[in-house]
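Data from protein_3.txt: compact mmCIF, C-alpha atoms
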```
# COMPACT_ATOMS: atom_id res chain seq x y z
CA MET Q 187 83.49 66.00 95.64
CA ALA Q 188 86.43 63.63 95.63
CA GLY Q 189 88.81 63.57 98.58
CA LYS Q 190 91.69 64.98 96.59
CA SER Q 191 89.96 68.16 95.50
CA GLN Q 192 88.53 68.62 99.00
CA LYS Q 193 92.10 68.58 100.30
CA LYS Q 194 93.14 71.13 97.72
CA LEU Q 195 90.27 73.39 98.72
CA GLU Q 196 91.26 73.10 102.36
CA GLU Q 197 94.71 74.25 101.36
CA ILE Q 198 93.26 77.19 99.41
CA VAL Q 199 91.10 78.25 102.33
CA GLU Q 200 94.04 77.95 104.71
CA ARG Q 201 96.07 80.24 102.45
CA PHE Q 202 93.17 82.67 102.21
CA VAL Q 203 92.73 82.81 105.98
CA GLU Q 204 96.40 83.70 106.28
CA LEU Q 205 95.99 86.48 103.70
CA LYS Q 206 92.91 87.80 105.45
CA ASP Q 207 94.45 87.70 108.91
CA THR Q 208 97.73 89.25 107.80
CA SER Q 209 96.00 92.12 106.01
CA GLU Q 210 93.85 92.89 109.04
CA LEU Q 211 96.79 92.62 111.39
CA MET Q 212 98.59 95.13 109.16
CA ILE Q 213 95.81 97.68 109.67
CA ASP Q 214 96.17 97.37 113.45
CA LEU Q 215 99.95 97.67 113.25
CA ALA Q 216 99.73 100.60 110.83
CA TYR Q 217 97.44 102.64 113.07
CA SER Q 218 99.69 101.82 116.04
CA SER Q 219 102.78 102.93 114.12
CA LEU Q 220 101.05 106.22 113.39
CA LEU Q 221 99.88 106.66 116.95
CA LEU Q 222 103.30 106.01 118.44
CA ASN Q 223 105.30 107.43 115.56
CA SER Q 224 107.11 104.10 115.51
CA LYS Q 225 109.40 103.58 112.52
CA GLU Q 226 110.01 100.00 113.60
CA LEU Q 227 106.32 99.08 113.40
CA ALA Q 228 105.88 101.01 110.17
CA GLU Q 229 108.74 99.01 108.65
CA GLU Q 230 107.09 95.81 109.85
CA VAL Q 231 103.95 96.83 107.97
CA GLN Q 232 105.94 97.50 104.79
CA ARG Q 233 107.68 94.15 105.12
CA LEU Q 234 104.34 92.42 105.58
CA GLU Q 235 102.99 94.16 102.51
CA GLU Q 236 105.69 92.48 100.43
CA TYR Q 237 104.92 89.20 102.17
CA VAL Q 238 101.21 89.56 101.32
CA ASP Q 239 102.08 90.18 97.67
CA LYS Q 240 104.01 86.92 97.62
CA LEU Q 241 101.29 85.05 99.48
CA HIS Q 242 98.65 86.45 97.17
CA THR Q 243 100.47 85.18 94.08
CA GLU Q 244 100.78 81.73 95.63
CA PHE Q 245 97.10 81.81 96.48
CA GLU Q 246 96.08 82.73 92.93
CA LEU Q 247 98.28 80.03 91.45
CA LEU Q 248 96.78 77.50 93.82
CA VAL Q 249 93.23 78.47 92.86
CA LEU Q 250 94.04 78.42 89.15
CA SER Q 251 95.66 75.02 89.36
CA SER Q 252 92.76 73.39 91.16
CA LYS Q 253 91.15 72.09 87.93
CA PHE Q 254 87.63 73.09 88.80
CA LYS Q 255 84.68 72.14 86.65
CA ARG Q 256 83.05 74.68 84.35
CA GLU Q 257 79.97 75.04 86.54
CA GLU Q 258 82.16 75.73 89.55
CA ALA Q 259 84.08 78.55 87.85
CA LYS Q 260 82.00 81.31 89.48
CA GLY Q 261 82.70 80.03 92.96
CA PHE Q 262 86.40 80.13 92.21
CA LEU Q 263 86.14 83.61 90.72
CA GLY Q 264 84.67 84.68 94.06
CA LEU Q 265 87.75 83.26 95.77
CA ILE Q 266 90.12 85.10 93.45
CA ARG Q 267 88.26 88.34 94.13
CA LEU Q 268 88.57 87.79 97.89
CA GLY Q 269 92.31 87.42 97.44
CA VAL Q 270 92.53 90.66 95.48
CA VAL Q 271 90.74 92.48 98.26
CA THR Q 272 93.09 91.27 101.00
CA GLU Q 273 95.90 92.67 98.91
CA LYS Q 274 94.11 96.04 98.65
CA ILE Q 275 93.67 96.15 102.41
CA ALA Q 276 97.34 95.42 102.87
CA ASP Q 277 98.14 98.33 100.53
CA ALA Q 278 95.95 100.68 102.55
CA ALA Q 279 97.78 99.64 105.73
CA ALA Q 280 101.13 100.24 104.03
CA GLN Q 281 99.90 103.69 103.03
CA ILE Q 282 99.19 104.55 106.68
CA ALA Q 283 102.61 103.29 107.74
CA GLU Q 284 104.26 105.29 104.97
CA VAL Q 285 103.28 108.53 106.71
CA VAL Q 286 105.55 107.51 109.60
CA LEU Q 287 108.43 106.45 107.37
CA ARG Q 288 108.38 109.78 105.59
CA GLY Q 289 109.23 111.47 108.84
CA ILE Q 290 105.92 113.28 109.21
CA GLU Q 291 105.24 113.97 112.87
CA PRO Q 292 101.70 112.65 113.40
CA HIS Q 293 99.16 115.34 114.19
CA PRO Q 294 97.78 115.01 117.76
CA VAL Q 295 94.27 114.63 116.35
CA LEU Q 296 95.29 111.20 115.03
CA ALA Q 297 95.90 109.90 118.52
CA LEU Q 298 92.49 111.18 119.59
CA ALA Q 299 90.83 109.47 116.65
CA ILE Q 300 92.64 106.15 117.08
CA GLU Q 301 91.60 106.05 120.72
CA GLU Q 302 93.92 103.36 121.96
CA ALA Q 303 95.68 103.75 125.26
CA GLU Q 304 99.13 103.00 123.99
CA GLU Q 305 102.34 104.54 125.19
CA THR Q 306 104.96 102.19 123.98
CA ILE Q 307 105.65 99.26 121.72
CA THR Q 308 107.85 96.42 122.81
CA TYR Q 309 109.34 93.41 121.05
CA THR Q 310 109.95 90.43 123.33
CA LYS Q 311 111.32 87.05 122.40
CA VAL Q 312 109.84 83.97 124.10
CA THR Q 313 112.65 81.83 125.49
CA GLU Q 314 112.62 78.12 126.34
CA ASN Q 315 112.25 78.64 130.10
CA SER Q 316 109.29 80.99 129.80
CA PRO Q 317 106.03 79.90 131.43
CA LEU Q 318 104.26 81.16 128.29
CA VAL Q 319 105.60 78.36 126.09
CA ASN Q 320 102.84 76.08 124.76
CA LYS Q 321 100.11 78.16 126.35
CA THR Q 322 97.32 79.66 124.31
CA LEU Q 323 96.86 83.42 124.56
CA ARG Q 324 93.68 82.80 126.50
CA GLU Q 325 95.60 80.74 129.07
CA ALA Q 326 98.59 83.07 129.14
CA LYS Q 327 96.52 86.05 130.40
CA ILE Q 328 99.19 88.51 129.30
CA PRO Q 329 97.06 91.67 129.60
CA GLU Q 330 95.99 90.71 133.13
CA GLU Q 331 99.56 89.90 134.22
CA THR Q 332 101.43 92.75 132.56
CA GLY Q 333 98.98 95.35 131.30
CA MET Q 334 100.46 94.83 127.83
CA TRP Q 335 98.33 93.99 124.82
CA VAL Q 336 99.77 91.60 122.22
CA LEU Q 337 99.37 93.24 118.80
CA ALA Q 338 101.10 90.56 116.77
CA ILE Q 339 103.24 87.46 117.06
CA LYS Q 340 106.25 87.20 114.78
CA ARG Q 341 107.08 83.62 113.91
CA GLY Q 342 109.83 83.43 111.32
CA GLU Q 343 108.67 85.13 108.16
CA LYS Q 344 105.05 85.07 109.30
CA CYS Q 345 103.30 87.54 111.49
CA LEU Q 346 100.27 86.11 113.26
CA ARG Q 347 97.18 87.95 114.31
CA PRO Q 348 96.67 87.03 117.96
CA LYS Q 349 93.54 84.99 118.61
CA PRO Q 350 92.51 83.45 121.94
CA ASP Q 351 93.46 79.97 120.64
CA THR Q 352 96.86 80.98 119.27
CA ARG Q 353 99.51 78.87 121.00
CA ILE Q 354 102.77 80.57 121.97
CA GLN Q 355 105.97 78.82 120.84
CA VAL Q 356 109.64 79.07 121.77
CA GLY Q 357 111.30 81.71 119.59
CA ASP Q 358 108.10 83.69 118.97
CA ILE Q 359 108.54 87.43 119.13
CA LEU Q 360 105.63 89.15 120.85
CA ILE Q 361 104.91 92.65 119.60
CA ALA Q 362 102.98 94.28 122.39
CA SER Q 363 101.75 97.73 123.28
CA GLY Q 364 100.69 99.34 126.51
CA TYR Q 365 102.00 101.57 129.26
CA ALA Q 366 105.72 101.76 129.83
CA GLU Q 367 105.48 100.05 133.26
CA GLY Q 368 104.24 96.84 131.70
CA GLU Q 369 107.28 96.42 129.48
CA GLU Q 370 109.51 95.00 132.21
CA ASP Q 371 106.79 92.63 133.43
CA LEU Q 372 106.32 91.25 129.95
CA LYS Q 373 110.08 90.78 129.48
CA LYS Q 374 110.25 88.86 132.77
CA LEU Q 375 107.40 86.64 131.67
CA ALA Q 376 108.62 85.95 128.14
CA SER Q 377 112.36 85.72 128.67
CA PRO Q 378 113.00 85.10 132.37
CA MET F 132 75.48 105.21 86.48
CA PRO F 133 75.05 105.48 90.25
CA LEU F 134 73.51 108.59 91.76
CA PHE F 135 75.90 110.75 93.70
CA GLU F 136 74.83 112.91 96.57
CA LYS F 137 75.61 116.59 96.09
CA ILE F 138 78.40 117.61 98.40
CA GLN F 139 78.85 120.96 100.08
CA TYR F 140 81.37 122.25 102.54
CA LYS F 141 80.41 121.93 106.15
CA PRO F 142 82.84 122.17 109.01
CA VAL F 143 83.31 118.83 110.77
CA THR F 144 85.28 117.74 113.80
CA VAL F 145 88.32 116.04 112.32
CA ARG F 146 88.77 113.83 115.36
CA GLU F 147 85.23 112.53 115.28
CA VAL F 148 84.98 112.01 111.55
CA LEU F 149 88.32 110.22 111.38
CA ARG F 150 87.34 108.03 114.32
CA GLU F 151 84.06 107.19 112.63
CA MET F 152 85.80 106.40 109.35
CA LYS F 153 88.32 104.15 111.05
CA ASN F 154 85.71 102.26 113.07
CA LEU F 155 83.21 101.95 110.24
CA SER F 156 85.81 100.75 107.75
CA GLU F 157 86.94 98.02 110.15
CA LEU F 158 83.35 96.97 110.84
CA MET F 159 82.71 96.88 107.08
CA ILE F 160 85.48 94.39 106.52
CA ASP F 161 84.01 92.02 109.08
CA LEU F 162 80.53 92.45 107.63
CA ALA F 163 81.75 92.01 104.07
CA TYR F 164 83.65 88.76 104.68
CA SER F 165 80.62 87.31 106.42
CA ALA F 166 78.39 88.45 103.57
CA ALA F 167 80.61 86.84 100.95
CA LEU F 168 81.40 83.61 102.72
CA TYR F 169 77.86 82.92 103.81
CA ASN F 170 76.20 84.50 100.77
CA ASP F 171 74.27 86.98 102.90
CA LYS F 172 72.70 89.61 100.60
CA ASP F 173 71.34 91.63 103.48
CA LEU F 174 74.78 92.13 105.05
CA ALA F 175 76.23 92.90 101.61
CA GLU F 176 73.67 95.69 101.13
CA ASP F 177 74.65 97.17 104.52
CA VAL F 178 78.27 97.25 103.41
CA MET F 179 77.31 99.07 100.20
CA GLU F 180 75.37 101.67 102.20
CA LEU F 181 78.27 102.20 104.59
CA GLU F 182 80.65 102.62 101.69
CA LYS F 183 78.61 105.58 100.44
CA ARG F 184 78.63 107.07 103.93
CA ILE F 185 82.43 106.81 104.13
CA ASP F 186 82.77 108.46 100.72
CA THR F 187 80.74 111.43 101.94
CA LEU F 188 82.71 111.60 105.19
CA THR F 189 85.97 111.60 103.23
CA TYR F 190 84.85 114.65 101.25
CA HIS F 191 83.87 116.54 104.39
CA LEU F 192 87.07 115.65 106.17
CA GLU F 193 89.30 116.62 103.24
CA MET F 194 87.57 119.99 102.87
CA THR F 195 87.87 120.73 106.58
CA ILE F 196 91.57 119.87 106.48
CA MET F 197 92.11 122.17 103.49
CA VAL F 198 90.44 125.06 105.26
CA ALA F 199 92.41 124.38 108.45
CA ALA F 200 95.84 124.58 106.84
CA ARG F 201 97.14 128.13 106.93
CA ASP F 202 100.82 127.60 106.24
CA ALA F 203 103.44 125.04 105.29
CA LYS F 204 103.77 123.83 108.87
CA ASP F 205 100.05 123.15 109.12
CA ALA F 206 100.13 121.34 105.81
CA GLU F 207 102.93 119.07 107.01
CA ALA F 208 101.06 118.29 110.22
CA LEU F 209 97.77 117.62 108.46
CA VAL F 210 98.91 115.56 105.50
CA GLY F 211 99.16 112.50 107.77
CA VAL F 212 95.51 112.92 108.75
CA SER F 213 94.52 113.15 105.12
CA LYS F 214 96.52 110.00 104.29
CA ALA F 215 94.99 108.06 107.17
CA ALA F 216 91.51 109.10 106.00
CA ALA F 217 92.35 108.07 102.44
CA ALA F 218 93.49 104.68 103.74
CA ALA F 219 90.26 104.18 105.69
CA ASP F 220 88.37 105.08 102.51
CA LYS F 221 90.43 102.54 100.58
CA ILE F 222 89.68 99.88 103.19
CA SER F 223 85.98 100.62 102.89
CA ASP F 224 86.25 100.33 99.09
CA ALA F 225 87.91 96.96 99.57
CA ALA F 226 85.03 95.89 101.82
CA ALA F 227 82.57 96.96 99.13
CA ASP F 228 84.50 94.85 96.61
CA ILE F 229 84.02 91.85 98.89
CA ALA F 230 80.31 92.61 99.23
CA ALA F 231 80.04 92.89 95.43
CA ILE F 232 80.88 89.19 95.19
CA VAL F 233 77.42 88.68 96.71
CA THR F 234 75.47 91.49 95.07
CA GLN F 235 76.77 90.52 91.62
CA ASN F 236 75.78 86.90 92.22
CA ILE F 237 79.30 85.57 91.82
CA GLY F 238 79.40 83.80 95.14
CA VAL F 239 82.09 81.74 96.75
CA HIS F 240 82.32 77.97 96.33
CA PRO F 241 80.03 76.40 98.98
CA ILE F 242 82.74 74.03 100.16
CA VAL F 243 84.92 77.05 100.89
CA SER F 244 82.24 78.44 103.21
CA GLU F 245 81.98 75.07 104.89
CA ILE F 246 85.72 74.88 105.53
CA PHE F 247 85.85 78.51 106.53
CA GLU F 248 83.13 78.03 109.10
CA ARG F 249 85.36 75.57 110.93
CA VAL F 250 88.28 78.00 111.25
CA GLU F 251 86.64 81.39 111.62
CA GLU F 252 83.74 82.84 113.53
CA ARG F 253 80.95 84.41 111.59
CA LEU F 254 78.81 87.49 111.96
CA ALA F 255 75.08 87.77 112.02
CA LYS F 256 72.55 90.49 112.55
CA ALA F 257 69.36 90.36 114.53
CA LYS F 258 66.62 92.90 115.13
CA VAL F 259 65.41 93.33 118.68
CA ASN F 260 61.67 92.72 118.74
CA GLU F 261 59.45 94.67 121.18
CA LYS F 262 58.85 91.54 123.24
CA SER F 263 62.48 90.49 123.53
CA VAL F 264 63.82 89.76 127.03
CA LEU F 265 67.01 91.61 126.09
CA ILE F 266 65.34 95.04 126.16
CA GLY F 267 66.58 97.30 128.94
CA LYS F 268 69.47 95.00 129.81
CA GLU F 269 73.06 96.18 129.75
CA ILE F 270 75.32 94.34 127.32
CA GLY F 271 77.73 93.50 130.12
CA GLU F 272 75.08 91.90 132.31
CA LEU F 273 73.86 89.68 129.47
CA LYS F 274 77.19 87.82 129.64
CA LEU F 275 76.74 86.60 126.07
CA ALA F 276 80.33 85.44 125.64
CA PRO F 277 80.40 82.90 128.52
CA ARG F 278 76.75 81.94 127.94
CA MET F 279 76.70 81.30 124.22
CA GLY F 280 80.07 82.28 122.77
CA VAL F 281 78.76 85.45 121.16
CA ASP F 282 80.03 89.06 121.20
CA ILE F 283 78.05 92.10 120.12
CA ILE F 284 80.38 94.15 117.96
CA ALA F 285 78.00 96.86 116.80
CA ILE F 286 74.48 98.20 117.20
CA PHE F 287 72.55 99.98 114.48
CA ARG F 288 70.12 102.32 116.22
CA GLU F 289 68.04 105.07 114.64
CA LYS F 290 70.25 105.29 111.55
CA ASP F 291 73.43 105.47 113.60
CA TRP F 292 76.12 102.93 114.26
CA ILE F 293 77.43 102.27 117.73
CA ILE F 294 80.64 100.36 117.19
CA ASN F 295 82.13 98.23 119.96
CA PRO F 296 79.33 99.17 122.39
CA LYS F 297 80.33 99.61 126.01
CA GLU F 298 79.37 97.15 128.76
CA ASN F 299 76.79 99.56 130.17
CA GLU F 300 75.03 100.16 126.84
CA LYS F 301 71.38 99.12 127.18
CA VAL F 302 69.60 97.15 124.48
CA LYS F 303 66.55 98.95 123.07
CA ALA F 304 63.59 97.74 121.05
CA GLY F 305 64.26 98.18 117.35
CA ASP F 306 68.04 97.89 117.74
CA ILE F 307 69.81 95.84 115.14
CA LEU F 308 72.59 93.91 116.80
CA ILE F 309 75.65 92.79 114.87
CA ALA F 310 77.24 89.88 116.66
CA ARG F 311 80.22 87.60 116.16
CA GLY F 312 80.36 84.04 117.37
CA THR F 313 79.59 80.40 116.79
CA HIS F 314 76.75 79.28 114.56
CA GLU F 315 74.68 77.91 117.46
CA GLY F 316 75.34 80.94 119.66
CA LEU F 317 74.22 83.33 116.95
CA LYS F 318 71.10 81.28 116.37
CA GLU F 319 70.27 81.52 120.07
CA LEU F 320 70.89 85.27 120.14
CA LYS F 321 68.61 85.70 117.12
CA GLU F 322 65.85 83.76 118.84
CA LEU F 323 66.26 85.91 121.96
CA CYS F 324 66.05 89.08 119.85
CA GLU F 325 62.99 87.87 118.02
CA ALA F 326 61.33 86.79 121.28
CA LYS F 327 61.19 83.15 120.17
CA LEU F 328 63.19 82.38 123.27
CA ASP F 329 62.16 84.16 126.43
CA LYS F 330 64.87 83.40 128.88
CA LEU F 331 68.63 83.43 129.04
CA GLU F 332 70.03 80.06 129.92
CA ASP F 333 73.13 79.67 132.03
```
What do you get writing this file as structure tokens?
Amino acid sequence: MAGKSQKKLEEIVERFVELKDTSELMIDLAYSSLLLNSKELAEEVQRLEEYVDKLHTEFELLVLSSKFKREEAKGFLGLIRLGVVTEKIADAAAQIAEVVLRGIEPHPVLALAIEEAEETITYTKVTENSPLVNKTLREAKIPEETGMWVLAIKRGEKCLRPKPDTRIQVGDILIASGYAEGEEDLKKLASP
Amino acid sequence: MPLFEKIQYKPVTVREVLREMKNLSELMIDLAYSAALYNDKDLAEDVMELEKRIDTLTYHLEMTIMVAARDAKDAEALVGVSKAAAAADKISDAAADIAAIVTQNIGVHPIVSEIFERVEERLAKAKVNEKSVLIGKEIGELKLAPRMGVDIIAIFREKDWIINPKENEKVKAGDILIARGTHEGLKELKELCEAKLDKLED
């Protein structure tokens, strides 16, 4: 395949990976919002759902404009279907978060089923003087240092699913959960 | 038309069923993406089977919730549980849609899989042969992550799924391991399971 179309495909896959990651991140955030009865997190999920809709449209347009050959059409149909599914997953996450936004006090059985040891959610901005800047999550060892688990990283309009290789940048907002004692430690680390 | 299993009321533990639905639906998504991107029919069939299981669980859970609600207050407290279960069911349906890309022979463009492989880890399954060196070892002591960049995310044992197995879970003959990791690492794990490799290298 010519270099140009290879580049286009790379772009399509990149967009798809973002859709996939965002939709899965939303599930995590949605269950956490339910567990902690956190309106803030639930709103984040709803906001991301709108973002996924937008991203999904861009993805479909990109696939449709890639001028594939007739014999390749099936492979591209498969891609379109994958996109549709990420959108469905995002909807399911939004549905979980909706329970919280409707003011329904989560039944205790939910916490038992979700099985995460979470007490609190904290949003912390990474400032210029933080030792975390430019470190990957693997290097940053945030759970070891603070006992807090990074659920998501907000970077502008995007919300990233934390992976060991994700590099922390100035201005990132870390959404983390854990026990209340860890909150201060994380704040000290991210915005000293 | 597909065959549907007859469903009858049976009391279930809401906590356990919901936990199973949540864990299975998340596992299904991982399995389904791997099935679609690497055109793995076997994994796709597993997803389809799991989807049926979740459907049945949803029925049982919903019926138990209905029986449990005695008044308006109960109904308010339980509607969240029902919604969360419905969402897990929806997620499992989405996973089945991904798997259908494989079972309906649509497939994903091969170059996409190639590019995807560079950015994402893949899943593979391997059956533990009776002669495998892994038998009787705890997952933690195998140190698969530092050794070969592989994590075991689930075990299928005697028709049951153990999701995110604990460090002290012992590998048994006949187990089907679902692992995530690099291509080479997964190949090595498969060879260990099938007793084509008989020692763990450091």
Requested in this report: Give as a PyMOL selection string each residue that has an atom at most 6 Å from (78.6, 95.1, 103.3) in the file, counting only C-alpha atoms.
Outcome: chain F and resi 159+162-163+174-179+230
Query raised in the report: Would you list which chain F residues are within 8 Å of chain Q using all atoms listed in the file, as a count of residues only?
Result: 31
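Across Q:Ala376, Q:Leu287, Q:Ile328, Q:Cys345, the tightest approach to Q:Glu314 is made by Q:Ala376 when counting all atoms listed in the file.
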Query raised in the report: Mind pulling up the distance from atom CA of F:Asp186 to atom CA of F:Phe135?
Result: 10.1 Å
Report task. Could you please determine the separation between atom CA of F:Thr234 and atom CA of F:Leu155 in Å, to one decimal place? Result -> 20.0 Å
Query raised in the report: Distance atom CA of F:Leu265-atom CA of F:Glu157, one decimal place?
Result: 26.3 Å
Requested in this report: Counting all atoms listed in the file, write as a ChimeraX atom specification all protein and nucleic acid residues lying at most 8 Å from (72.5, 90.1, 107.7) in the file's frame.
Outcome: /F:166,171-175,255-257
**Report entry** Test item: residues at most 8 Å from F:Ser213, all atoms listed in the file, excluding those fewer than 4 positions along its chain, as a ChimeraX atom specification
**Finding:** /F:192-193,196,209,217
Just write the chosen residues, C-alpha atoms, as a short mmCIF file (atom, residue, chain, number, x, y, z; two decimals), in the frame of the given file.
```cif
data_model
loop_
_atom_site.label_atom_id
_atom_site.label_comp_id
_atom_site.auth_asym_id
_atom_site.auth_seq_id
_atom_site.Cartn_x
_atom_site.Cartn_y
_atom_site.Cartn_z
CA LEU F 192 87.07 115.65 106.17
CA GLU F 193 89.30 116.62 103.24
CA ILE F 196 91.57 119.87 106.48
CA LEU F 209 97.77 117.62 108.46
CA ALA F 217 92.35 108.07 102.44
#
```
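The nearest approach to Q:Thr208 among the residues Q:Tyr365, Q:Tyr237, Q:Phe245, Q:Tyr309, with only C-alpha atoms taken into account, belongs to Q:Tyr237.
By all atoms listed in the file, and with residues fewer than 2 positions from F:Val281 along its chain excluded, the set lying at most 9 Å from it is Lys274, Leu275, Ala276, Pro277, Arg278, Met279, Ile283, Ala310, Arg311, Gly312, Thr313, Gly316, Leu317 and Leu320 of chain F.
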Query raised in the report: If we count all atoms listed in the file, what is near F:Phe287 at a cut-off of 7 Å, once residues fewer than 3 positions away on the same chain are taken out, given as a PyMOL selection string?
Result: chain F and resi 290-293+306-308
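For the choices F:Val259, F:Val210, F:Ala285, F:Met152, the atom-to-atom distance to F:Asp224 is smallest for F:Met152 when using only C-alpha atoms.
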Can I get stretch 264-283 of chain F with N, CA and C atoms filled in, as a PDB file, in the frame of the given file?
```pdb
ATOM      1  N   VAL F 264      63.378  89.648 125.622  1.00  0.00           N
ATOM      2  CA  VAL F 264      63.820  89.760 127.030  1.00  0.00           C
ATOM      3  C   VAL F 264      65.089  90.594 127.153  1.00  0.00           C
ATOM      4  N   LEU F 265      65.740  90.867 126.025  1.00  0.00           N
ATOM      5  CA  LEU F 265      67.010  91.610 126.090  1.00  0.00           C
ATOM      6  C   LEU F 265      66.798  93.098 126.354  1.00  0.00           C
ATOM      7  N   ILE F 266      65.608  93.596 126.059  1.00  0.00           N
ATOM      8  CA  ILE F 266      65.340  95.040 126.160  1.00  0.00           C
ATOM      9  C   ILE F 266      65.589  95.555 127.587  1.00  0.00           C
ATOM     10  N   GLY F 267      66.315  96.668 127.646  1.00  0.00           N
ATOM     11  CA  GLY F 267      66.580  97.300 128.940  1.00  0.00           C
ATOM     12  C   GLY F 267      67.766  96.716 129.672  1.00  0.00           C
ATOM     13  N   LYS F 268      68.313  95.618 129.141  1.00  0.00           N
ATOM     14  CA  LYS F 268      69.470  95.000 129.810  1.00  0.00           C
ATOM     15  C   LYS F 268      70.767  95.613 129.287  1.00  0.00           C
ATOM     16  N   GLU F 269      71.752  95.706 130.171  1.00  0.00           N
ATOM     17  CA  GLU F 269      73.060  96.180 129.750  1.00  0.00           C
ATOM     18  C   GLU F 269      73.797  95.025 129.056  1.00  0.00           C
ATOM     19  N   ILE F 270      74.600  95.373 128.065  1.00  0.00           N
ATOM     20  CA  ILE F 270      75.320  94.340 127.320  1.00  0.00           C
ATOM     21  C   ILE F 270      76.220  93.505 128.239  1.00  0.00           C
ATOM     22  N   GLY F 271      76.849  94.193 129.192  1.00  0.00           N
ATOM     23  CA  GLY F 271      77.730  93.500 130.120  1.00  0.00           C
ATOM     24  C   GLY F 271      76.998  92.464 130.956  1.00  0.00           C
ATOM     25  N   GLU F 272      75.805  92.817 131.431  1.00  0.00           N
ATOM     26  CA  GLU F 272      75.080  91.900 132.310  1.00  0.00           C
ATOM     27  C   GLU F 272      74.492  90.704 131.558  1.00  0.00           C
ATOM     28  N   LEU F 273      74.384  90.810 130.239  1.00  0.00           N
ATOM     29  CA  LEU F 273      73.860  89.680 129.470  1.00  0.00           C
ATOM     30  C   LEU F 273      74.846  88.515 129.425  1.00  0.00           C
ATOM     31  N   LYS F 274      76.134  88.822 129.627  1.00  0.00           N
ATOM     32  CA  LYS F 274      77.190  87.820 129.640  1.00  0.00           C
ATOM     33  C   LYS F 274      77.072  86.854 128.453  1.00  0.00           C
ATOM     34  N   LEU F 275      76.963  87.421 127.262  1.00  0.00           N
ATOM     35  CA  LEU F 275      76.740  86.600 126.070  1.00  0.00           C
ATOM     36  C   LEU F 275      77.938  85.722 125.732  1.00  0.00           C
ATOM     37  N   ALA F 276      79.135  86.223 126.005  1.00  0.00           N
ATOM     38  CA  ALA F 276      80.330  85.440 125.640  1.00  0.00           C
ATOM     39  C   ALA F 276      80.404  84.135 126.427  1.00  0.00           C
ATOM     40  N   PRO F 277      80.351  84.175 127.803  1.00  0.00           N
ATOM     41  CA  PRO F 277      80.400  82.900 128.520  1.00  0.00           C
ATOM     42  C   PRO F 277      79.153  82.037 128.280  1.00  0.00           C
ATOM     43  N   ARG F 278      78.009  82.674 128.106  1.00  0.00           N
ATOM     44  CA  ARG F 278      76.750  81.940 127.940  1.00  0.00           C
ATOM     45  C   ARG F 278      76.664  81.203 126.609  1.00  0.00           C
ATOM     46  N   MET F 279      76.909  81.925 125.522  1.00  0.00           N
ATOM     47  CA  MET F 279      76.700  81.300 124.220  1.00  0.00           C
ATOM     48  C   MET F 279      77.810  81.557 123.208  1.00  0.00           C
ATOM     49  N   GLY F 280      78.946  82.088 123.682  1.00  0.00           N
ATOM     50  CA  GLY F 280      80.070  82.280 122.770  1.00  0.00           C
ATOM     51  C   GLY F 280      79.814  83.342 121.711  1.00  0.00           C
ATOM     52  N   VAL F 281      79.117  84.400 122.113  1.00  0.00           N
ATOM     53  CA  VAL F 281      78.760  85.450 121.160  1.00  0.00           C
ATOM     54  C   VAL F 281      79.195  86.815 121.701  1.00  0.00           C
ATOM     55  N   ASP F 282      79.685  87.689 120.819  1.00  0.00           N
ATOM     56  CA  ASP F 282      80.030  89.060 121.200  1.00  0.00           C
ATOM     57  C   ASP F 282      79.262  90.029 120.326  1.00  0.00           C
ATOM     58  N   ILE F 283      78.716  91.071 120.939  1.00  0.00           N
ATOM     59  CA  ILE F 283      78.050  92.100 120.120  1.00  0.00           C
ATOM     60  C   ILE F 283      79.119  93.110 119.707  1.00  0.00           C
TER      61      ILE F 283
END
```
